[in-house]
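The file run-v1.cif comes next; it holds mmCIF, C-alpha atoms and all ligand atoms.
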```cif
data_start
loop_
_atom_site.label_atom_id
_atom_site.label_comp_id
_atom_site.auth_asym_id
_atom_site.auth_seq_id
_atom_site.Cartn_x
_atom_site.Cartn_y
_atom_site.Cartn_z
CA MET X 23 145.03 -81.23 -119.36
CA ALA X 24 143.52 -82.56 -122.58
CA VAL X 25 146.41 -81.92 -124.92
CA ALA X 26 146.93 -84.57 -127.59
CA VAL X 27 150.32 -83.37 -128.78
CA PRO X 28 153.37 -81.71 -127.24
CA PHE X 29 153.22 -77.92 -127.30
CA GLU X 30 155.59 -77.48 -130.20
CA GLU X 31 153.72 -79.83 -132.51
CA LYS X 32 150.68 -79.30 -134.66
CA THR X 33 148.00 -81.84 -135.48
CA GLU X 34 147.67 -82.83 -139.14
CA ASP X 35 144.66 -80.52 -139.49
CA GLN X 36 146.53 -77.62 -137.89
CA LYS X 37 149.48 -78.21 -140.21
CA ALA X 38 147.24 -78.22 -143.26
CA ILE X 39 145.40 -75.03 -142.38
CA THR X 40 148.45 -73.05 -141.24
CA GLU X 41 150.36 -74.08 -144.38
CA MET X 42 147.42 -72.94 -146.48
CA VAL X 43 147.33 -69.58 -144.66
CA ARG X 44 151.11 -69.18 -144.92
CA GLN X 45 150.95 -69.69 -148.67
CA PHE X 46 148.10 -67.16 -148.87
CA VAL X 47 150.21 -64.67 -146.90
CA ASP X 48 153.33 -65.23 -149.01
CA GLU X 49 151.47 -64.93 -152.30
CA GLN X 50 148.66 -62.48 -151.61
CA ILE X 51 149.59 -60.31 -148.63
CA LEU X 52 153.35 -59.78 -148.38
CA PRO X 53 153.77 -58.55 -151.99
CA VAL X 54 151.13 -55.81 -151.52
CA ALA X 55 151.19 -54.95 -147.79
CA GLU X 56 153.62 -52.03 -148.21
CA ARG X 57 151.45 -50.38 -150.84
CA TYR X 58 148.26 -50.68 -148.78
CA ASP X 59 150.13 -49.47 -145.70
CA HIS X 60 151.68 -46.46 -147.38
CA GLU X 61 148.33 -45.46 -148.89
CA ASP X 62 146.40 -46.35 -145.73
CA GLU X 63 143.95 -48.20 -147.97
CA PHE X 64 141.53 -50.92 -146.88
CA PRO X 65 142.70 -54.20 -148.48
CA GLU X 66 139.34 -55.13 -149.99
CA PRO X 67 140.60 -57.82 -152.45
CA ILE X 68 142.49 -59.57 -149.63
CA VAL X 69 139.42 -59.49 -147.40
CA GLU X 70 137.33 -60.96 -150.22
CA GLN X 71 139.79 -63.84 -150.53
CA MET X 72 139.71 -64.34 -146.77
CA LYS X 73 135.94 -64.76 -147.01
CA GLU X 74 136.44 -67.44 -149.68
CA LEU X 75 138.96 -69.23 -147.48
CA GLY X 76 136.41 -69.23 -144.63
CA LEU X 77 138.68 -67.23 -142.31
CA PHE X 78 135.80 -65.23 -140.82
CA GLY X 79 134.26 -68.40 -139.47
CA VAL X 80 137.30 -70.26 -138.09
CA THR X 81 135.89 -70.64 -134.55
CA ILE X 82 132.18 -70.56 -135.47
CA PRO X 83 130.66 -74.08 -135.24
CA GLU X 84 129.79 -75.97 -138.41
CA GLU X 85 126.06 -75.83 -137.58
CA TYR X 86 126.32 -72.09 -138.23
CA SER X 87 128.38 -72.61 -141.42
CA GLY X 88 131.76 -72.02 -139.77
CA MET X 89 134.83 -74.27 -139.51
CA GLY X 90 134.30 -75.09 -135.83
CA LEU X 91 138.02 -74.97 -134.95
CA ASP X 92 139.45 -74.25 -131.52
CA LEU X 93 141.24 -71.20 -130.10
CA THR X 94 144.65 -72.87 -130.49
CA THR X 95 144.19 -73.31 -134.23
CA TYR X 96 142.81 -69.79 -134.47
CA ALA X 97 145.94 -68.47 -132.71
CA MET X 98 148.13 -70.33 -135.21
CA ILE X 99 146.20 -68.76 -138.09
CA VAL X 100 146.47 -65.28 -136.54
CA GLU X 101 150.23 -65.71 -136.18
CA GLU X 102 150.51 -66.50 -139.90
CA LEU X 103 148.30 -63.59 -140.96
CA SER X 104 150.20 -61.16 -138.72
CA ARG X 105 153.50 -62.36 -140.13
CA GLY X 106 152.15 -60.87 -143.34
CA TRP X 107 150.51 -57.72 -141.96
CA ILE X 108 148.84 -57.17 -138.57
CA SER X 109 146.12 -55.03 -140.13
CA ILE X 110 144.78 -58.18 -141.80
CA SER X 111 144.41 -59.90 -138.44
CA GLY X 112 142.82 -56.64 -137.22
CA VAL X 113 139.99 -57.11 -139.70
CA ILE X 114 139.08 -60.47 -138.15
CA ASN X 115 140.01 -59.90 -134.51
CA THR X 116 137.00 -57.82 -133.41
CA HIS X 117 134.82 -60.10 -135.54
CA PHE X 118 136.21 -63.11 -133.69
CA ILE X 119 135.50 -61.44 -130.32
CA GLY X 120 131.93 -60.71 -131.43
CA SER X 121 131.36 -64.32 -132.48
CA TYR X 122 132.85 -65.53 -129.18
CA LEU X 123 130.42 -63.31 -127.26
CA LEU X 124 127.47 -64.59 -129.29
CA LEU X 125 128.46 -68.23 -128.94
CA LYS X 126 129.01 -68.03 -125.21
CA TYR X 127 126.30 -65.60 -124.14
CA GLY X 128 123.89 -65.10 -127.06
CA THR X 129 120.34 -66.43 -127.13
CA ASP X 130 119.45 -69.09 -129.70
CA GLU X 131 117.69 -66.42 -131.75
CA GLN X 132 120.74 -64.15 -131.68
CA LYS X 133 123.02 -67.02 -132.74
CA GLN X 134 120.69 -68.06 -135.57
CA LYS X 135 120.28 -64.50 -136.72
CA TYR X 136 123.92 -63.45 -136.88
CA LEU X 137 126.38 -66.36 -136.80
CA PRO X 138 125.76 -67.91 -140.25
CA ARG X 139 126.27 -64.53 -141.96
CA MET X 140 129.27 -63.80 -139.74
CA ALA X 141 130.86 -67.16 -140.63
CA THR X 142 130.94 -66.25 -144.31
CA GLY X 143 132.10 -62.69 -143.63
CA GLU X 144 128.91 -61.31 -145.22
CA ILE X 145 128.54 -59.20 -142.08
CA ARG X 146 131.44 -58.25 -139.84
CA ALA X 147 131.60 -57.27 -136.18
CA ALA X 148 133.35 -54.61 -134.09
CA PHE X 149 133.57 -54.40 -130.32
CA SER X 150 133.57 -51.22 -128.34
CA LEU X 151 134.61 -50.50 -124.78
CA SER X 152 136.92 -47.49 -125.03
CA GLU X 153 135.74 -43.87 -124.88
CA PRO X 154 137.60 -40.58 -125.34
CA GLU X 155 138.24 -40.35 -121.60
CA LEU X 156 138.90 -44.01 -120.83
CA GLY X 157 140.54 -47.18 -122.03
CA SER X 158 142.14 -49.07 -119.16
CA ASP X 159 139.56 -47.88 -116.63
CA VAL X 160 136.53 -49.56 -118.19
CA GLN X 161 134.38 -48.90 -115.13
CA ALA X 162 134.47 -45.19 -115.98
CA ILE X 163 132.23 -45.77 -119.05
CA LYS X 164 129.81 -42.88 -119.56
CA THR X 165 127.89 -43.95 -122.67
CA SER X 166 124.48 -44.96 -121.40
CA ALA X 167 121.25 -46.63 -122.44
CA ARG X 168 117.81 -46.00 -121.00
CA LYS X 169 114.64 -47.91 -121.63
CA LEU X 170 111.86 -46.04 -123.42
CA ASP X 171 108.13 -46.57 -123.04
CA ASP X 172 107.99 -48.55 -126.29
CA GLY X 173 110.40 -51.12 -124.80
CA THR X 174 113.43 -50.13 -126.89
CA TYR X 175 116.67 -48.75 -125.45
CA GLU X 176 118.05 -45.36 -126.39
CA ILE X 177 121.86 -45.16 -126.42
CA ASN X 178 123.70 -41.87 -126.03
CA GLY X 179 127.42 -41.21 -125.75
CA GLN X 180 130.72 -41.35 -127.56
CA LYS X 181 132.95 -44.34 -128.15
CA MET X 182 136.59 -44.17 -129.23
CA TRP X 183 139.07 -46.35 -131.10
CA VAL X 184 136.55 -48.73 -132.62
CA THR X 185 138.48 -50.98 -134.97
CA ASN X 186 136.34 -51.84 -138.02
CA GLY X 187 134.04 -49.04 -136.81
CA LEU X 188 132.95 -48.06 -140.33
CA ARG X 189 132.72 -51.34 -142.23
CA SER X 190 131.18 -53.45 -139.46
CA ALA X 191 127.47 -54.27 -139.48
CA LEU X 192 127.37 -55.16 -135.77
CA VAL X 193 128.99 -53.41 -132.83
CA PHE X 194 129.16 -55.23 -129.50
CA VAL X 195 129.05 -52.13 -127.36
CA LEU X 196 129.33 -51.89 -123.57
CA VAL X 197 127.20 -49.14 -122.02
CA LYS X 198 125.88 -48.09 -118.65
CA THR X 199 122.32 -49.21 -117.95
CA ASP X 200 122.17 -48.75 -114.18
CA PRO X 201 123.85 -45.51 -113.08
CA GLU X 202 123.17 -46.30 -109.40
CA ALA X 203 124.91 -49.70 -109.43
CA GLU X 204 127.61 -50.28 -106.83
CA PRO X 205 130.19 -51.47 -107.79
CA ARG X 206 129.80 -49.63 -111.08
CA HIS X 207 130.53 -52.64 -113.29
CA LYS X 208 127.29 -54.27 -112.15
CA GLY X 209 125.39 -51.61 -114.07
CA PHE X 210 126.80 -52.28 -117.57
CA THR X 211 125.11 -54.06 -120.48
CA CYS X 212 126.44 -55.29 -123.80
CA PHE X 213 124.19 -54.40 -126.72
CA ILE X 214 124.45 -55.78 -130.23
CA ALA X 215 124.09 -52.52 -132.14
CA GLU X 216 123.21 -53.01 -135.80
CA LYS X 217 124.38 -50.45 -138.30
CA GLU X 218 124.69 -49.91 -142.02
CA PRO X 219 128.20 -51.13 -142.97
CA GLY X 220 130.45 -48.67 -144.77
CA VAL X 221 128.10 -45.75 -144.18
CA ALA X 222 128.85 -42.81 -141.88
CA GLU X 223 125.24 -42.22 -140.81
CA THR X 224 122.84 -44.80 -139.38
CA PRO X 225 119.84 -43.25 -137.59
CA GLY X 226 121.14 -42.20 -134.15
CA LEU X 227 124.71 -43.29 -134.90
CA THR X 228 127.48 -41.32 -136.64
CA VAL X 229 130.88 -42.67 -137.64
CA PRO X 230 133.33 -39.74 -137.93
CA PRO X 231 136.28 -39.99 -140.37
CA LYS X 232 138.83 -42.63 -139.43
CA ILE X 233 141.53 -41.77 -136.89
CA ARG X 234 144.95 -41.18 -138.50
CA LYS X 235 147.47 -43.58 -136.99
CA MET X 236 151.21 -44.20 -136.88
CA GLY X 237 150.80 -47.81 -138.04
CA TYR X 238 148.08 -50.48 -138.18
CA LYS X 239 147.00 -48.79 -141.38
CA GLY X 240 144.42 -50.01 -143.86
CA VAL X 241 142.01 -51.22 -141.20
CA GLU X 242 139.99 -48.29 -139.88
CA SER X 243 139.74 -47.23 -136.22
CA THR X 244 136.96 -44.74 -135.62
CA GLU X 245 134.90 -42.95 -133.05
CA LEU X 246 131.22 -43.82 -132.79
CA VAL X 247 128.79 -41.12 -131.75
CA PHE X 248 125.51 -42.44 -130.36
CA ASP X 249 122.87 -39.74 -130.27
CA GLY X 250 119.41 -41.13 -129.67
CA TYR X 251 120.34 -44.49 -131.23
CA ARG X 252 117.48 -46.97 -130.74
CA CYS X 253 118.25 -50.59 -129.96
CA PRO X 254 115.52 -53.21 -129.51
CA ALA X 255 115.49 -55.03 -126.15
CA GLU X 256 116.06 -58.31 -128.02
CA ASN X 257 119.54 -56.99 -128.89
CA VAL X 258 120.72 -57.09 -125.30
CA LEU X 259 123.43 -59.77 -125.51
CA GLY X 260 121.92 -62.89 -123.97
CA GLY X 261 118.41 -61.40 -123.97
CA GLU X 262 117.02 -58.71 -121.71
CA GLU X 263 116.18 -60.97 -118.81
CA ALA X 264 119.52 -62.76 -118.59
CA GLY X 265 121.81 -60.13 -120.11
CA LEU X 266 120.80 -56.80 -118.60
CA ASN X 267 123.60 -55.44 -116.38
CA LYS X 268 125.78 -58.50 -117.12
CA GLY X 269 127.87 -56.87 -119.82
CA PHE X 270 131.05 -56.18 -117.89
CA ALA X 271 131.74 -59.84 -117.05
CA GLN X 272 130.89 -60.87 -120.62
CA MET X 273 133.30 -58.34 -122.11
CA MET X 274 136.10 -59.19 -119.66
CA ASP X 275 135.73 -62.85 -120.60
CA ALA X 276 135.94 -61.93 -124.29
CA LEU X 277 139.05 -59.86 -123.62
CA GLU X 278 140.75 -62.97 -122.26
CA VAL X 279 140.51 -64.71 -125.63
CA GLY X 280 141.24 -61.36 -127.25
CA ARG X 281 144.54 -61.32 -125.39
CA VAL X 282 145.52 -64.69 -126.80
CA ASN X 283 144.73 -63.24 -130.19
CA VAL X 284 146.94 -60.17 -129.61
CA ALA X 285 149.70 -62.44 -128.31
CA ALA X 286 149.49 -64.47 -131.53
CA ARG X 287 149.82 -61.25 -133.50
CA GLY X 288 152.94 -60.44 -131.52
CA VAL X 289 154.42 -63.82 -132.40
CA GLY X 290 153.69 -63.17 -136.08
CA VAL X 291 155.37 -59.75 -136.05
CA ALA X 292 158.38 -61.08 -134.09
CA GLN X 293 158.70 -64.03 -136.47
CA ARG X 294 158.66 -61.78 -139.53
CA ALA X 295 161.23 -59.41 -138.00
CA LEU X 296 163.45 -62.41 -137.28
CA GLU X 297 163.12 -63.68 -140.87
CA LEU X 298 164.01 -60.27 -142.29
CA ALA X 299 166.97 -59.93 -139.93
CA LEU X 300 168.28 -63.40 -140.76
CA ARG X 301 168.15 -62.63 -144.47
CA TYR X 302 169.60 -59.12 -144.38
CA SER X 303 172.40 -59.94 -141.93
CA GLN X 304 173.69 -62.71 -144.20
CA GLU X 305 173.57 -60.53 -147.31
CA ARG X 306 175.00 -57.29 -145.96
CA LYS X 307 178.75 -57.15 -145.58
CA ALA X 308 180.83 -54.91 -143.30
CA PHE X 309 184.53 -55.12 -142.48
CA GLY X 310 184.98 -57.91 -145.01
CA LYS X 311 182.27 -60.36 -143.87
CA PRO X 312 178.51 -60.71 -143.60
CA ILE X 313 177.32 -58.73 -140.59
CA ALA X 314 175.70 -61.93 -139.22
CA GLN X 315 179.28 -63.11 -138.57
CA HIS X 316 179.95 -60.22 -136.20
CA GLN X 317 179.18 -61.50 -132.75
CA ALA X 318 177.18 -58.41 -131.78
CA ILE X 319 174.74 -59.20 -134.60
CA THR X 320 174.74 -62.96 -134.01
CA PHE X 321 173.70 -62.26 -130.41
CA LYS X 322 170.87 -60.05 -131.60
CA LEU X 323 169.63 -62.88 -133.82
CA ALA X 324 169.89 -65.31 -130.92
CA ASP X 325 167.89 -63.02 -128.61
CA MET X 326 165.22 -62.44 -131.25
CA ALA X 327 164.82 -66.15 -131.99
CA THR X 328 164.63 -66.99 -128.28
CA GLN X 329 162.00 -64.35 -127.57
CA THR X 330 159.94 -65.35 -130.60
CA GLU X 331 159.93 -69.00 -129.60
CA ALA X 332 159.12 -68.25 -125.96
CA ALA X 333 156.28 -65.96 -127.04
CA ARG X 334 154.88 -68.69 -129.29
CA LEU X 335 154.97 -71.27 -126.50
CA LEU X 336 153.27 -68.94 -123.99
CA THR X 337 150.59 -68.12 -126.56
CA LEU X 338 149.87 -71.73 -127.44
CA ARG X 339 149.82 -72.69 -123.78
CA ALA X 340 147.23 -70.04 -122.95
CA ALA X 341 145.11 -71.08 -125.94
CA ARG X 342 145.34 -74.77 -125.08
CA LEU X 343 144.35 -74.18 -121.47
CA LYS X 344 141.29 -72.23 -122.63
CA ASP X 345 140.39 -74.96 -125.15
CA ALA X 346 140.66 -77.56 -122.39
CA GLY X 347 138.19 -75.54 -120.30
CA LEU X 348 140.83 -74.71 -117.70
CA ARG X 349 141.67 -71.35 -116.14
CA SER X 350 143.74 -69.24 -118.47
CA ASP X 351 143.25 -65.67 -117.23
CA MET X 352 146.79 -65.30 -115.90
CA GLU X 353 148.31 -67.26 -118.78
CA ALA X 354 146.52 -65.13 -121.39
CA GLY X 355 147.87 -62.02 -119.66
CA MET X 356 151.40 -63.45 -119.60
CA ALA X 357 151.22 -64.41 -123.27
CA LYS X 358 149.91 -60.98 -124.27
CA LEU X 359 152.50 -59.15 -122.19
CA PHE X 360 155.47 -61.22 -123.33
CA ALA X 361 154.55 -61.60 -127.00
CA SER X 362 153.74 -57.92 -127.54
CA GLU X 363 157.01 -56.88 -125.88
CA ALA X 364 158.84 -59.52 -127.97
CA ALA X 365 157.33 -58.05 -131.14
CA ARG X 366 158.49 -54.56 -130.19
CA PHE X 367 161.96 -55.87 -129.26
CA CYS X 368 162.38 -57.90 -132.45
CA ALA X 369 161.12 -55.04 -134.65
CA GLU X 370 163.65 -52.68 -133.13
CA GLU X 371 166.54 -55.16 -133.30
CA CYS X 372 165.71 -55.92 -136.93
CA LEU X 373 165.63 -52.21 -137.70
CA ARG X 374 169.06 -51.75 -136.10
CA ILE X 375 170.41 -54.72 -138.09
CA HIS X 376 169.23 -53.01 -141.29
CA GLY X 377 171.28 -49.91 -140.42
CA GLY X 378 170.21 -46.85 -142.42
CA TYR X 379 168.02 -48.96 -144.73
CA GLY X 380 165.86 -49.89 -141.75
CA TYR X 381 164.79 -46.26 -141.64
CA SER X 382 163.81 -46.25 -145.29
CA LYS X 383 160.25 -46.78 -146.49
CA GLU X 384 161.70 -49.09 -149.14
CA TYR X 385 162.19 -51.82 -146.54
CA GLU X 386 159.46 -53.86 -144.86
CA ILE X 387 160.96 -53.51 -141.39
CA GLU X 388 159.94 -49.86 -141.29
CA ARG X 389 156.27 -50.96 -141.33
CA LEU X 390 156.82 -53.58 -138.64
CA TYR X 391 158.52 -50.97 -136.47
CA ARG X 392 155.43 -48.74 -136.69
CA ASP X 393 152.94 -51.59 -136.30
CA ALA X 394 154.47 -53.34 -133.28
CA PRO X 395 153.67 -50.69 -130.60
CA LEU X 396 149.92 -51.13 -131.10
CA LEU X 397 150.27 -54.57 -129.54
CA LEU X 398 151.61 -52.97 -126.34
CA ILE X 399 148.37 -50.98 -126.02
CA GLY X 400 145.35 -52.76 -127.54
CA GLU X 401 143.35 -55.16 -125.37
CA GLY X 402 145.06 -53.82 -122.27
CA THR X 403 148.45 -52.14 -122.00
CA SER X 404 151.54 -53.93 -120.66
CA GLU X 405 151.02 -52.18 -117.32
CA ILE X 406 147.44 -53.47 -117.15
CA GLN X 407 148.62 -57.00 -118.04
CA LYS X 408 151.04 -56.89 -115.13
CA MET X 409 148.19 -55.86 -112.85
CA VAL X 410 146.08 -58.79 -114.13
CA ILE X 411 148.96 -61.27 -113.80
CA GLY X 412 149.90 -60.02 -110.32
CA ARG X 413 146.31 -60.12 -109.06
CA LYS X 414 145.70 -63.65 -110.36
CA LEU X 415 149.05 -64.81 -109.03
CA LEU X 416 148.16 -63.64 -105.52
CA GLU X 417 144.67 -65.17 -105.81
CA ARG X 418 146.17 -68.54 -106.69
CA HIS X 419 148.82 -68.40 -103.97
CA ARG X 420 146.88 -66.86 -101.10
CA ILE X 421 148.33 -67.67 -97.70
C1 LIG G 501 144.85 -48.72 -133.04
C2 LIG G 501 143.99 -48.97 -131.85
C3 LIG G 501 142.86 -49.79 -131.99
C4 LIG G 501 141.99 -49.97 -130.90
N1 LIG G 501 140.86 -50.72 -131.07
C5 LIG G 501 139.94 -50.78 -130.07
C6 LIG G 501 138.69 -51.44 -130.27
O1 LIG G 501 138.41 -52.01 -131.32
N2 LIG G 501 137.77 -51.38 -129.26
C7 LIG G 501 138.03 -50.76 -128.07
O2 LIG G 501 137.16 -50.77 -127.20
N3 LIG G 501 139.23 -50.16 -127.85
C8 LIG G 501 140.18 -50.16 -128.82
N4 LIG G 501 141.39 -49.52 -128.61
C9 LIG G 501 141.63 -48.82 -127.35
C10 LIG G 501 142.61 -49.52 -126.44
O3 LIG G 501 142.04 -50.67 -125.90
C11 LIG G 501 143.04 -48.49 -125.37
O4 LIG G 501 143.80 -47.48 -126.01
C12 LIG G 501 143.86 -49.13 -124.28
O5 LIG G 501 143.05 -49.98 -123.50
C13 LIG G 501 144.51 -48.07 -123.36
O6 LIG G 501 143.57 -47.15 -122.93
P1 LIG G 501 143.86 -45.58 -123.07
O7 LIG G 501 144.32 -45.33 -124.46
O8 LIG G 501 142.64 -44.86 -122.62
O9 LIG G 501 145.03 -45.29 -122.10
P2 LIG G 501 144.90 -45.00 -120.53
O10 LIG G 501 144.00 -45.99 -119.90
O11 LIG G 501 144.57 -43.57 -120.35
O12 LIG G 501 146.38 -45.28 -120.06
C14 LIG G 501 147.44 -44.35 -120.28
C15 LIG G 501 148.69 -44.91 -119.62
O13 LIG G 501 148.46 -45.07 -118.22
C16 LIG G 501 148.69 -46.42 -117.83
N5 LIG G 501 147.74 -46.80 -116.79
C17 LIG G 501 146.40 -46.63 -116.77
N6 LIG G 501 145.89 -47.11 -115.63
C18 LIG G 501 146.91 -47.61 -114.91
C19 LIG G 501 147.03 -48.24 -113.64
N7 LIG G 501 145.96 -48.48 -112.88
N8 LIG G 501 148.26 -48.59 -113.21
C20 LIG G 501 149.35 -48.37 -113.98
N9 LIG G 501 149.31 -47.77 -115.18
C21 LIG G 501 148.10 -47.40 -115.65
C22 LIG G 501 148.50 -47.23 -119.10
O14 LIG G 501 149.18 -48.46 -119.05
C23 LIG G 501 149.09 -46.28 -120.12
O15 LIG G 501 150.49 -46.40 -120.13
C24 LIG G 501 142.30 -49.37 -129.66
C25 LIG G 501 143.46 -48.59 -129.52
C26 LIG G 501 144.30 -48.39 -130.59
C27 LIG G 501 145.51 -47.52 -130.43
#
```
When written as structure tokens, how does the structure in this file appear?
Amino acid sequence: MAVAVPFEEKTEDQKAITEMVRQFVDEQILPVAERYDHEDEFPEPIVEQMKELGLFGVTIPEEYSGMGLDLTTYAMIVEELSRGWISISGVINTHFIGSYLLLKYGTDEQKQKYLPRMATGEIRAAFSLSEPELGSDVQAIKTSARKLDDGTYEINGQKMWVTNGLRSALVFVLVKTDPEAEPRHKGFTCFIAEKEPGVAETPGLTVPPKIRKMGYKGVESTELVFDGYRCPAENVLGGEEAGLNKGFAQMMDALEVGRVNVAARGVGVAQRALELALRYSQERKAFGKPIAQHQAITFKLADMATQTEAARLLTLRAARLKDAGLRSDMEAGMAKLFASEAARFCAEECLRIHGGYGYSKEYEIERLYRDAPLLLIGEGTSEIQKMVIGRKLLERHRI
């Protein structure tokens, strides 16, 4: 495997960029995250600064005005951003998946048209599989597209849980194009649906008010209602000839890198919970000594630190395998499963360590406790990860 450094080390470039992002998080995100979260407000000034830092183009090649960095470095950046607030990484995650899809499957025209403006963050992307009646069972997609006499496609149907659904300018949307296909996934196509960002009505496409959520606030998750939405044939991902009815495999591939991204978010949340627990447990006294000195609490800290570190190593391993062009489907599933569960575990342990204050909105841990469960669900639930891991395991060890 083409890995220049041991897993725990960063290259000089990786150190420089993650230190820069950490400083940005400490100075610009952590001091204001609670306010944005409590008001469920989109963090526009932070997003503007992220554009200036080039964070929307981390993995987009330099020829399209991006930074051209690899998935491993991206995962390190996502960990740092999520340590501040996972909603911030939510703003770039679907965008990152969109740029991955374009880079891997897009035509030259599609890349030229969208990637340079995506790299600067001038336009942002969402991706949309889920519908009101399905999430895990992607093959049950009902939203459909049919070709009209003028050569365009008309999309009809309802999508659900589209992160960045309102503010995005592009939605990579998976729809049914061949209702007769057997198996069903061979009849799905990914369209690049253009829309007016920040506006509820684009002809044929309505964005209802954002869904109210327990956590993951600030960044909007919306439904998308396609009703006679017209999409030119040139917006079939990869072009009509090569891309029609190829959408399922494209989206599943994108979900694999998406899982590394969610894993990195889990590491960030776990890391932050650990930091908060380490600080509070040394300040708070009970029975005449800091609670960190009570073995029950020391053990909690030890478990949290161990899970955080293991989650980080699994995440970096999956990213490095992908960067080296090696199989990483099972490893991405393992990283996602472990890191999201580690985030939930660490958030809860940190809350317990804070005692009653952990339940107060005055303390940051309350936000982490509400944010962490999203990671158990998005980009495939823990149960679905176990199915992926188990299936790949048996494939690799067939007797
Ligand atoms: C805040 C948020 C943001 C999101 N953003 C996006 C987005 O940007 N784009 C997008 O397309 N989707 C998005 N989603 C949707 C997300 O991907 C789905 O919620 C997720 O895949 C689970 O699907 P579901 O909610 O339909 O649950 P279901 O699939 O109905 O599952 C319900 C339960 O059944 C279990 N289950 C289902 N099938 C099996 C099985 N075969 N074996 C064992 N257990 C099973 C699940 O693990 C789960 O516990 C988002 C969701 C949330 C909450």
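For Lys126 in chain X, the residues within 10 Å (counting all atoms listed in the file, excluding itself and residues fewer than 5 positions away along the chain) are Ser121, Lys133, Leu259, Gly260, Gln272, Asp275 and Ala276 of chain X.
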With all atoms of ligand LIG 501 (chain G) from the file as input, state the centre and edge lengths in Å to one decimal of the axis-aligned box that has 6 Å extra on each side, as JSON.
```
{"center_x": 143.8, "center_y": -47.8, "center_z": -123.0, "size_x": 25.3, "size_y": 20.4, "size_z": 32.2}
```
Problem - Cut-off 6 Å, only C-alpha atoms and all ligand atoms, neighbours of ligand LIG 501 (chain G) as a ChimeraX atom specification - result: /X:149-152,156-159,183-185,243,396,399-403,405-406
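Between CA of Ile39 in chain X and CA of Met98 in chain X lies a distance of 9.0 Å.
Nearest to Gly288 in chain X of all the residues X:Cys372, X:Ala365, X:Ile387, X:Ile421 is X:Ala365, based on all atoms listed in the file.
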- prompt: Leaving out Phe194 in chain X and any residue of its chain fewer than 6 positions from it, which residues lie within 9 Å of it when counting all atoms listed in the file, given as number ranges by chain?
  reply: X: 119-120, 123, 147-151, 212-216, 259
* Using all atoms listed in the file, find all polymer residues with an atom at most 12 Å away from the point (138.0, -58.1, -150.3); report them as a PyMOL selection string. => chain X and resi 50-51+63-75+110+113+143-144+189
Selection export as an mmCIF file, keeping the file's coordinate frame, atoms kept: C-alpha atoms:
```
data_model
loop_
_atom_site.group_PDB
_atom_site.id
_atom_site.type_symbol
_atom_site.label_atom_id
_atom_site.label_comp_id
_atom_site.auth_asym_id
_atom_site.auth_seq_id
_atom_site.Cartn_x
_atom_site.Cartn_y
_atom_site.Cartn_z
ATOM 1 C CA GLN X 50 148.660 -62.480 -151.610
ATOM 2 C CA ILE X 51 149.590 -60.310 -148.630
ATOM 3 C CA GLU X 63 143.950 -48.200 -147.970
ATOM 4 C CA PHE X 64 141.530 -50.920 -146.880
ATOM 5 C CA PRO X 65 142.700 -54.200 -148.480
ATOM 6 C CA GLU X 66 139.340 -55.130 -149.990
ATOM 7 C CA PRO X 67 140.600 -57.820 -152.450
ATOM 8 C CA ILE X 68 142.490 -59.570 -149.630
ATOM 9 C CA VAL X 69 139.420 -59.490 -147.400
ATOM 10 C CA GLU X 70 137.330 -60.960 -150.220
ATOM 11 C CA GLN X 71 139.790 -63.840 -150.530
ATOM 12 C CA MET X 72 139.710 -64.340 -146.770
ATOM 13 C CA LYS X 73 135.940 -64.760 -147.010
ATOM 14 C CA GLU X 74 136.440 -67.440 -149.680
ATOM 15 C CA LEU X 75 138.960 -69.230 -147.480
ATOM 16 C CA ILE X 110 144.780 -58.180 -141.800
ATOM 17 C CA VAL X 113 139.990 -57.110 -139.700
ATOM 18 C CA GLY X 143 132.100 -62.690 -143.630
ATOM 19 C CA GLU X 144 128.910 -61.310 -145.220
ATOM 20 C CA ARG X 189 132.720 -51.340 -142.230
#
```
Excluding same-chain residues fewer than 3 positions from range 295-310 of chain X, what lies within 7 Å of it counting all atoms listed in the file, as a ChimeraX atom specification?
/X:291-292,313-314,326-327,368-369,372,375-376,387
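Interatomic distance, CA of Gly240 in chain X against CA of Tyr58 in chain X: 6.3 Å.
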re CA of Gly250 in chain X and CA of Asp130 in chain X: distance 28.0 Å
**Study point:** All residues 12 Å or closer to Ser111 in chain X, all atoms listed in the file, same chain fewer than 5 positions away omitted, as a VMD selection string
**Key:** chain X and resid 43 47 51 65 68 to 69 72 77 to 78 96 to 106 116 to 118 185 to 186 238 to 241 280 283 to 288 290 to 291 397
